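Pasted below: my_file20.cif, mmCIF, C-alpha atoms.
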```cif
data_target
loop_
_atom_site.group_PDB
_atom_site.id
_atom_site.type_symbol
_atom_site.label_atom_id
_atom_site.label_comp_id
_atom_site.auth_asym_id
_atom_site.auth_seq_id
_atom_site.Cartn_x
_atom_site.Cartn_y
_atom_site.Cartn_z
ATOM 1 C CA MET A 79 108.407 -7.394 -13.288
ATOM 2 C CA ILE A 80 106.128 -6.835 -10.288
ATOM 3 C CA LYS A 81 108.053 -7.265 -7.046
ATOM 4 C CA SER A 82 105.131 -7.770 -4.667
ATOM 5 C CA PRO A 83 102.199 -10.217 -4.621
ATOM 6 C CA LEU A 84 100.031 -7.407 -3.213
ATOM 7 C CA ILE A 85 100.903 -5.105 -6.107
ATOM 8 C CA ALA A 86 100.362 -7.962 -8.571
ATOM 9 C CA LEU A 87 96.896 -8.523 -7.107
ATOM 10 C CA SER A 88 96.161 -4.773 -7.259
ATOM 11 C CA HIS A 89 96.792 -5.011 -11.012
ATOM 12 C CA ARG A 90 94.088 -7.656 -11.336
ATOM 13 C CA TYR A 91 91.585 -5.412 -9.567
ATOM 14 C CA PHE A 92 92.659 -2.482 -11.744
ATOM 15 C CA ASN A 93 92.268 -4.639 -14.877
ATOM 16 C CA LEU A 94 88.716 -5.521 -13.839
ATOM 17 C CA VAL A 95 87.911 -1.855 -13.219
ATOM 18 C CA SER A 96 89.418 -0.724 -16.539
ATOM 19 C CA ASN A 97 87.597 -3.430 -18.494
ATOM 20 C CA CYS A 98 84.250 -2.629 -16.865
ATOM 21 C CA LEU A 99 84.674 1.117 -17.365
ATOM 22 C CA ASN A 100 85.587 0.537 -21.006
ATOM 23 C CA GLU A 101 82.344 -1.415 -21.434
ATOM 24 C CA LEU A 102 80.448 1.384 -19.691
ATOM 25 C CA ILE A 103 81.946 3.888 -22.151
ATOM 26 C CA LEU A 104 81.317 1.690 -25.203
ATOM 27 C CA SER A 105 77.704 1.096 -24.171
ATOM 28 C CA GLY A 106 77.036 4.822 -23.895
ATOM 29 C CA ASN A 107 76.182 4.473 -20.198
ATOM 30 C CA LYS A 108 72.465 4.439 -20.925
ATOM 31 C CA THR A 109 70.168 5.180 -18.023
ATOM 32 C CA ASN A 110 66.936 5.659 -19.984
ATOM 33 C CA ILE A 111 65.416 3.675 -22.824
ATOM 34 C CA ILE A 112 62.084 3.689 -24.602
ATOM 35 C CA SER A 113 60.737 0.187 -25.086
ATOM 36 C CA ARG A 114 57.484 -1.310 -26.283
ATOM 37 C CA LEU A 115 57.966 -4.455 -24.245
ATOM 38 C CA GLU A 116 56.405 -4.749 -20.835
ATOM 39 C CA ASP A 117 58.984 -7.102 -19.338
ATOM 40 C CA ASN A 118 62.019 -4.770 -19.287
ATOM 41 C CA ILE A 119 64.192 -7.089 -21.391
ATOM 42 C CA ASP A 120 65.228 -4.179 -23.621
ATOM 43 C CA PHE A 121 65.996 -2.003 -20.589
ATOM 44 C CA ASP A 122 68.026 -4.733 -18.868
ATOM 45 C CA GLU A 123 70.113 -5.366 -21.979
ATOM 46 C CA ALA A 124 70.598 -1.671 -22.816
ATOM 47 C CA THR A 125 71.675 -0.765 -19.281
ATOM 48 C CA LYS A 126 73.716 -3.821 -18.290
ATOM 49 C CA TRP A 127 76.935 -1.745 -18.418
ATOM 50 C CA SER A 128 75.341 1.428 -17.028
ATOM 51 C CA ASP A 129 76.525 3.167 -13.883
ATOM 52 C CA ILE A 130 73.040 2.790 -12.387
ATOM 53 C CA ARG A 131 73.656 -0.958 -12.257
ATOM 54 C CA ILE A 132 77.379 -1.461 -11.656
ATOM 55 C CA ILE A 133 79.176 1.670 -10.429
ATOM 56 C CA GLU A 134 79.418 0.753 -6.728
ATOM 57 C CA PRO A 135 81.071 -2.655 -7.338
ATOM 58 C CA ILE A 136 83.410 -1.095 -9.909
ATOM 59 C CA LEU A 137 84.466 1.656 -7.519
ATOM 60 C CA PHE A 138 84.806 -0.788 -4.619
ATOM 61 C CA ASN A 139 87.229 -2.817 -6.741
ATOM 62 C CA PHE A 140 89.070 0.346 -7.744
ATOM 63 C CA TYR A 141 89.540 1.392 -4.132
ATOM 64 C CA HIS A 142 90.468 -2.127 -3.121
ATOM 65 C CA GLY A 143 93.131 -2.062 -5.849
ATOM 66 C CA ILE A 144 94.452 1.192 -4.377
ATOM 67 C CA GLU A 145 94.536 -0.362 -0.903
ATOM 68 C CA LEU A 146 96.434 -3.403 -2.192
ATOM 69 C CA MET A 147 98.909 -1.202 -4.045
ATOM 70 C CA LEU A 148 99.541 0.937 -0.957
ATOM 71 C CA LYS A 149 100.073 -2.165 1.167
ATOM 72 C CA GLY A 150 102.323 -3.681 -1.513
ATOM 73 C CA ILE A 151 104.529 -0.593 -1.567
ATOM 74 C CA LEU A 152 104.813 -0.625 2.222
ATOM 75 C CA LYS A 153 105.652 -4.326 2.171
ATOM 76 C CA LEU A 154 108.395 -3.730 -0.437
ATOM 77 C CA TYR A 155 110.068 -1.413 2.041
ATOM 78 C CA GLY A 156 109.583 -3.763 4.988
ATOM 79 C CA ILE A 157 106.925 -1.668 6.707
ATOM 80 C CA GLU A 158 104.126 -3.522 8.501
ATOM 81 C CA PHE A 159 100.550 -2.290 8.256
ATOM 82 C CA GLY A 160 98.522 -4.875 10.187
ATOM 83 C CA LYS A 161 94.830 -5.319 9.448
ATOM 84 C CA ASN A 162 94.459 -1.731 8.355
ATOM 85 C CA HIS A 163 91.877 -0.801 5.707
ATOM 86 C CA ASN A 164 92.258 2.941 6.266
ATOM 87 C CA ILE A 165 93.582 4.125 2.906
ATOM 88 C CA GLU A 166 94.169 7.638 4.236
ATOM 89 C CA THR A 167 96.633 6.268 6.802
ATOM 90 C CA LEU A 168 98.159 3.814 4.334
ATOM 91 C CA TYR A 169 98.641 6.636 1.831
ATOM 92 C CA LYS A 170 100.243 8.892 4.450
ATOM 93 C CA ASN A 171 102.719 6.123 5.269
ATOM 94 C CA VAL A 172 103.539 5.588 1.574
ATOM 95 C CA HIS A 173 103.774 9.338 1.016
ATOM 96 C CA ASP A 174 106.210 9.765 3.905
ATOM 97 C CA LEU A 175 108.248 6.859 2.566
ATOM 98 C CA LEU A 176 108.473 8.048 -1.055
ATOM 99 C CA ILE A 177 108.253 11.843 -0.820
ATOM 100 C CA ASP A 178 111.984 12.371 -1.379
ATOM 101 C CA ASN A 179 112.084 10.190 -4.509
ATOM 102 C CA LYS A 180 111.287 12.415 -7.518
ATOM 103 C CA LYS A 181 110.679 9.354 -9.705
ATOM 104 C CA THR A 182 107.728 8.291 -7.557
ATOM 105 C CA LYS A 183 105.970 11.675 -7.705
ATOM 106 C CA PRO A 184 103.397 10.497 -10.315
ATOM 107 C CA ILE A 185 102.494 7.517 -8.111
ATOM 108 C CA LEU A 186 102.011 9.754 -5.081
ATOM 109 C CA GLU A 187 99.956 12.286 -7.057
ATOM 110 C CA ILE A 188 97.558 9.682 -8.419
ATOM 111 C CA LEU A 189 97.172 7.759 -5.168
ATOM 112 C CA GLY A 190 96.782 11.028 -3.252
ATOM 113 C CA LYS A 191 94.044 12.140 -5.606
ATOM 114 C CA TYR A 192 91.826 9.257 -4.503
ATOM 115 C CA THR A 193 92.757 9.016 -0.843
ATOM 116 C CA SER A 194 92.139 12.551 0.402
ATOM 117 C CA ARG A 195 88.688 13.994 1.058
ATOM 118 C CA ASP A 196 90.055 17.519 0.795
ATOM 119 C CA ASN A 197 91.696 16.961 -2.579
ATOM 120 C CA SER A 198 89.714 19.040 -5.068
ATOM 121 C CA ASP A 199 90.899 16.725 -7.872
ATOM 122 C CA ASN A 200 89.282 13.750 -6.164
ATOM 123 C CA LEU A 201 86.586 12.436 -8.486
ATOM 124 C CA PHE A 202 84.689 11.080 -5.504
ATOM 125 C CA ASN A 203 84.759 14.243 -3.416
ATOM 126 C CA GLY A 204 81.065 14.889 -4.024
ATOM 127 C CA PHE A 205 80.168 11.392 -2.829
ATOM 128 C CA PHE A 206 82.275 11.728 0.307
ATOM 129 C CA LYS A 207 80.878 15.178 1.115
ATOM 130 C CA LEU A 208 77.272 14.229 0.368
ATOM 131 C CA ASN A 209 77.497 11.295 2.762
ATOM 132 C CA ASP A 210 79.694 13.039 5.352
ATOM 133 C CA ILE A 211 82.395 10.387 5.129
ATOM 134 C CA SER A 212 86.035 10.266 4.110
ATOM 135 C CA PRO A 213 87.957 7.953 1.758
ATOM 136 C CA LYS A 214 88.903 5.781 4.733
ATOM 137 C CA GLU A 215 85.254 4.682 4.838
ATOM 138 C CA TYR A 216 85.125 3.641 1.167
ATOM 139 C CA TYR A 217 85.438 0.065 2.381
ATOM 140 C CA ILE A 218 82.000 0.314 3.950
ATOM 141 C CA ALA A 219 80.341 2.889 1.698
ATOM 142 C CA LEU A 220 80.902 0.962 -1.537
ATOM 143 C CA ARG A 221 80.237 -2.440 0.011
ATOM 144 C CA TYR A 222 77.163 -1.797 2.160
ATOM 145 C CA PRO A 223 74.227 0.603 1.724
ATOM 146 C CA TYR A 224 74.672 2.097 5.212
ATOM 147 C CA LEU A 225 77.372 2.806 7.803
ATOM 148 C CA ASN A 226 77.611 0.220 10.582
ATOM 149 C CA ASN A 227 74.288 -0.224 12.370
ATOM 150 C CA GLU A 228 73.133 3.356 11.951
ATOM 151 C CA PHE A 229 70.896 2.423 9.005
ATOM 152 C CA LYS A 230 71.432 5.864 7.527
ATOM 153 C CA LEU A 231 71.531 4.994 3.840
ATOM 154 C CA PHE A 232 74.373 6.263 1.701
ATOM 155 C CA ASN A 233 73.366 8.459 -1.209
ATOM 156 C CA TYR A 234 74.940 7.192 -4.446
ATOM 157 C CA LYS A 235 73.163 9.585 -6.804
ATOM 158 C CA CYS A 236 76.287 11.638 -7.552
ATOM 159 C CA LEU A 237 77.992 8.433 -8.758
ATOM 160 C CA ARG A 238 75.059 7.366 -10.939
ATOM 161 C CA TYR A 239 73.043 8.833 -13.801
ATOM 162 C CA MET A 240 76.076 10.382 -15.417
ATOM 163 C CA GLU A 241 75.040 9.503 -18.960
ATOM 164 C CA ASN A 242 76.506 12.674 -20.432
ATOM 165 C CA THR A 243 79.462 13.178 -18.094
ATOM 166 C CA ASP A 244 80.541 9.680 -17.046
ATOM 167 C CA LYS A 245 82.816 9.178 -20.047
ATOM 168 C CA ASN A 246 85.351 11.673 -18.683
ATOM 169 C CA PHE A 247 85.015 10.235 -15.171
ATOM 170 C CA SER A 248 85.611 6.700 -16.459
ATOM 171 C CA GLU A 249 88.369 7.710 -18.850
ATOM 172 C CA GLU A 250 90.212 9.536 -16.076
ATOM 173 C CA ILE A 251 90.171 6.477 -13.830
ATOM 174 C CA ILE A 252 91.387 4.277 -16.710
ATOM 175 C CA SER A 253 94.149 6.779 -17.489
ATOM 176 C CA ASP A 254 95.211 6.972 -13.832
ATOM 177 C CA ILE A 255 95.372 3.178 -13.610
ATOM 178 C CA LYS A 256 97.666 3.086 -16.669
ATOM 179 C CA LEU A 257 99.896 5.788 -15.182
ATOM 180 C CA LEU A 258 100.128 3.946 -11.873
ATOM 181 C CA LYS A 259 101.136 0.724 -13.592
ATOM 182 C CA ASN A 260 103.662 2.447 -15.840
ATOM 183 C CA ASN A 261 105.332 4.261 -12.940
ATOM 184 C CA LEU A 262 105.702 1.265 -10.634
ATOM 185 C CA VAL A 263 109.139 0.586 -12.115
ATOM 186 C CA ASN A 264 110.323 3.668 -10.201
ATOM 187 C CA LEU A 265 109.830 2.044 -6.800
#
```
Now, as a test, write the supplied structure out as structure tokens.
Amino acid sequence: MIKSPLIALSHRYFNLVSNCLNELILSGNKTNIISRLEDNIDFDEATKWSDIRIIEPILFNFYHGIELMLKGILKLYGIEFGKNHNIETLYKNVHDLLIDNKKTKPILEILGKYTSRDNSDNLFNGFFKLNDISPKEYYIALRYPYLNNEFKLFNYKCLRYMENTDKNFSEEIISDIKLLKNNLVNL
């Protein structure tokens, strides 16, 4: 049983992400297609589950699920977090809270993997480095094409066009979501 409405909502975001990534995998994540039609109907249908069309919204929902889970854990322990969207800070607070509990180590490892720019296991490290941002700015980078009013466009290329490699990327996220959910009983 889920003890927190925030954690329960994080599960819904994670379910959406897992379902979309499963469709991406099943579709073959096509980014190129040869068609005889001039109106792109074949291309649109063949790429509707491709990362070139949907990866940013999927990853935004993934990171929002992480944020909700972090806030839910803090709330379970009576710790206030205010209107904070900084997942690096939220993670640090959760880490400090749970570090002495060996049963929560898998939760901390998975959440840490996605909330630290310096974590070499972070699947998004290339995106953060390419755009000179950190995970705390995911909220903007996956929701808007540029940071604040600077109009310097984010480069999403390292998250797209992964036709031959995206399966592992997607499968790892799906696996991590399952591990997070399975280990929540240890809170």
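Considering all atoms listed in the file, the residue among A:Leu231, A:Leu225, A:Leu220, A:Ile252 positioned nearest to Ile103 (chain A) is A:Ile252.
Proximity of A:Leu102, A:Asn226, A:Lys180, A:Lys259 to Ile130 (chain A), computed with only C-alpha atoms, is greatest for A:Leu102.
When only C-alpha atoms are used to compute distances to Ile251 (chain A), the closest of the residues A:His142, A:Arg90, A:Lys230, A:Lys191 turns out to be A:Lys191.
Straight-line separation from CA of Ser128 (chain A) to CA of Asn107 (chain A): 4.5 Å.
By chain and then residue number, the residues within 9 Å of Asn209 (chain A) are Gly204, Phe205, Ala219, Leu231, Phe232, Asn233 and Tyr234 of chain A, counting all atoms listed in the file and disregarding those fewer than 4 positions away in sequence.
Closest to Asp122 (chain A) among A:Glu134, A:Thr109, A:Glu215, A:Asp174 is A:Thr109, based on all atoms listed in the file.
Here the question is which of A:Asn246, A:Asn162, A:Ser194, A:Ser96 gets nearest to Ser212 (chain A) using only C-alpha atoms, and that residue is A:Ser194.
Using only C-alpha atoms, the nearest neighbour of Thr182 (chain A) within the list A:Ile151, A:Ile136, A:Leu94, A:Ala124 is A:Ile151.
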Query - Test item: which residues lie within 12 Å of (84.7, -0.8, 2.2) counting only C-alpha atoms, as a ChimeraX atom specification - result: /A:134-135,137-145,162-165,211-226
Report task. Give me, please, the distance in Å between CA of Gly106 (chain A) and CA of Glu187 (chain A), quoted to one decimal. Result -> 29.4 Å
Report task. Excluding Ile177 (chain A) and residues on its chain fewer than 5 positions from it, collect all residues at most 12 Å away from it, counting all atoms listed in the file, and give them as a PyMOL selection string. Result -> chain A and resi 169-172+182-187+190+265
Provide region 142-153 of chain A rebuilt to all heavy atoms, formatted as a CSV table (one decimal), in the coordinates of the input.
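File out_21.csv, as written:
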```csv
chain,number,residue,atom,x,y,z
A,142,HIS,N,89.8,-1.0,-3.7
A,142,HIS,CA,90.5,-2.1,-3.1
A,142,HIS,C,91.8,-2.3,-3.8
A,142,HIS,O,92.8,-2.6,-3.2
A,142,HIS,CB,89.6,-3.4,-3.2
A,142,HIS,CG,90.2,-4.5,-2.4
A,142,HIS,ND1,90.3,-4.5,-1.1
A,142,HIS,CD2,90.7,-5.7,-2.8
A,142,HIS,CE1,90.9,-5.6,-0.6
A,142,HIS,NE2,91.1,-6.4,-1.7
A,143,GLY,N,91.9,-2.0,-5.1
A,143,GLY,CA,93.1,-2.1,-5.8
A,143,GLY,C,94.1,-1.0,-5.3
A,143,GLY,O,95.3,-1.3,-5.2
A,144,ILE,N,93.6,0.2,-5.0
A,144,ILE,CA,94.5,1.2,-4.4
A,144,ILE,C,95.0,0.7,-3.0
A,144,ILE,O,96.2,0.8,-2.7
A,144,ILE,CB,93.7,2.5,-4.2
A,144,ILE,CG1,93.4,3.2,-5.6
A,144,ILE,CG2,94.4,3.5,-3.3
A,144,ILE,CD1,92.5,4.4,-5.6
A,145,GLU,N,94.1,0.1,-2.2
A,145,GLU,CA,94.5,-0.4,-0.9
A,145,GLU,C,95.6,-1.4,-1.1
A,145,GLU,O,96.6,-1.4,-0.4
A,145,GLU,CB,93.3,-0.9,-0.2
A,145,GLU,CG,93.7,-1.5,1.2
A,145,GLU,CD,92.5,-2.2,1.9
A,145,GLU,OE1,91.4,-1.9,1.5
A,145,GLU,OE2,92.8,-2.9,2.8
A,146,LEU,N,95.4,-2.4,-2.0
A,146,LEU,CA,96.4,-3.4,-2.2
A,146,LEU,C,97.8,-2.8,-2.7
A,146,LEU,O,98.8,-3.3,-2.2
A,146,LEU,CB,95.9,-4.4,-3.2
A,146,LEU,CG,94.8,-5.3,-2.7
A,146,LEU,CD1,94.2,-6.1,-3.9
A,146,LEU,CD2,95.3,-6.3,-1.6
A,147,MET,N,97.7,-1.8,-3.6
A,147,MET,CA,98.9,-1.2,-4.0
A,147,MET,C,99.6,-0.5,-2.9
A,147,MET,O,100.9,-0.6,-2.8
A,147,MET,CB,98.6,-0.2,-5.2
A,147,MET,CG,99.9,0.4,-5.7
A,147,MET,SD,99.6,1.3,-7.2
A,147,MET,CE,99.6,-0.1,-8.4
A,148,LEU,N,98.9,0.3,-2.1
A,148,LEU,CA,99.5,0.9,-1.0
A,148,LEU,C,100.2,-0.1,0.0
A,148,LEU,O,101.4,0.1,0.4
A,148,LEU,CB,98.5,1.8,-0.2
A,148,LEU,CG,98.0,3.0,-0.9
A,148,LEU,CD1,96.7,3.5,-0.2
A,148,LEU,CD2,99.0,4.1,-1.1
A,149,LYS,N,99.5,-1.1,0.3
A,149,LYS,CA,100.1,-2.2,1.2
A,149,LYS,C,101.3,-2.8,0.5
A,149,LYS,O,102.3,-3.2,1.2
A,149,LYS,CB,99.0,-3.2,1.5
A,149,LYS,CG,98.0,-2.6,2.5
A,149,LYS,CD,96.9,-3.7,2.8
A,149,LYS,CE,95.9,-3.1,3.9
A,149,LYS,NZ,94.9,-4.1,4.2
A,150,GLY,N,101.2,-3.1,-0.8
A,150,GLY,CA,102.3,-3.7,-1.5
A,150,GLY,C,103.6,-2.8,-1.5
A,150,GLY,O,104.7,-3.3,-1.3
A,151,ILE,N,103.4,-1.5,-1.6
A,151,ILE,CA,104.5,-0.6,-1.6
A,151,ILE,C,105.1,-0.6,-0.2
A,151,ILE,O,106.4,-0.7,0.0
A,151,ILE,CB,104.1,0.8,-2.0
A,151,ILE,CG1,103.7,0.9,-3.4
A,151,ILE,CG2,105.2,1.8,-1.7
A,151,ILE,CD1,103.0,2.2,-3.9
A,152,LEU,N,104.3,-0.6,0.9
A,152,LEU,CA,104.8,-0.6,2.2
A,152,LEU,C,105.6,-1.9,2.5
A,152,LEU,O,106.6,-1.9,3.1
A,152,LEU,CB,103.7,-0.5,3.2
A,152,LEU,CG,103.0,0.9,3.3
A,152,LEU,CD1,101.8,0.9,4.1
A,152,LEU,CD2,104.0,2.0,3.7
A,153,LYS,N,105.0,-3.0,2.0
A,153,LYS,CA,105.7,-4.3,2.2
A,153,LYS,C,107.0,-4.4,1.5
A,153,LYS,O,108.0,-5.0,2.0
A,153,LYS,CB,104.7,-5.4,1.6
A,153,LYS,CG,105.1,-6.8,2.0
A,153,LYS,CD,104.6,-7.0,3.4
A,153,LYS,CE,104.7,-8.5,3.8
A,153,LYS,NZ,104.8,-8.8,5.2
```
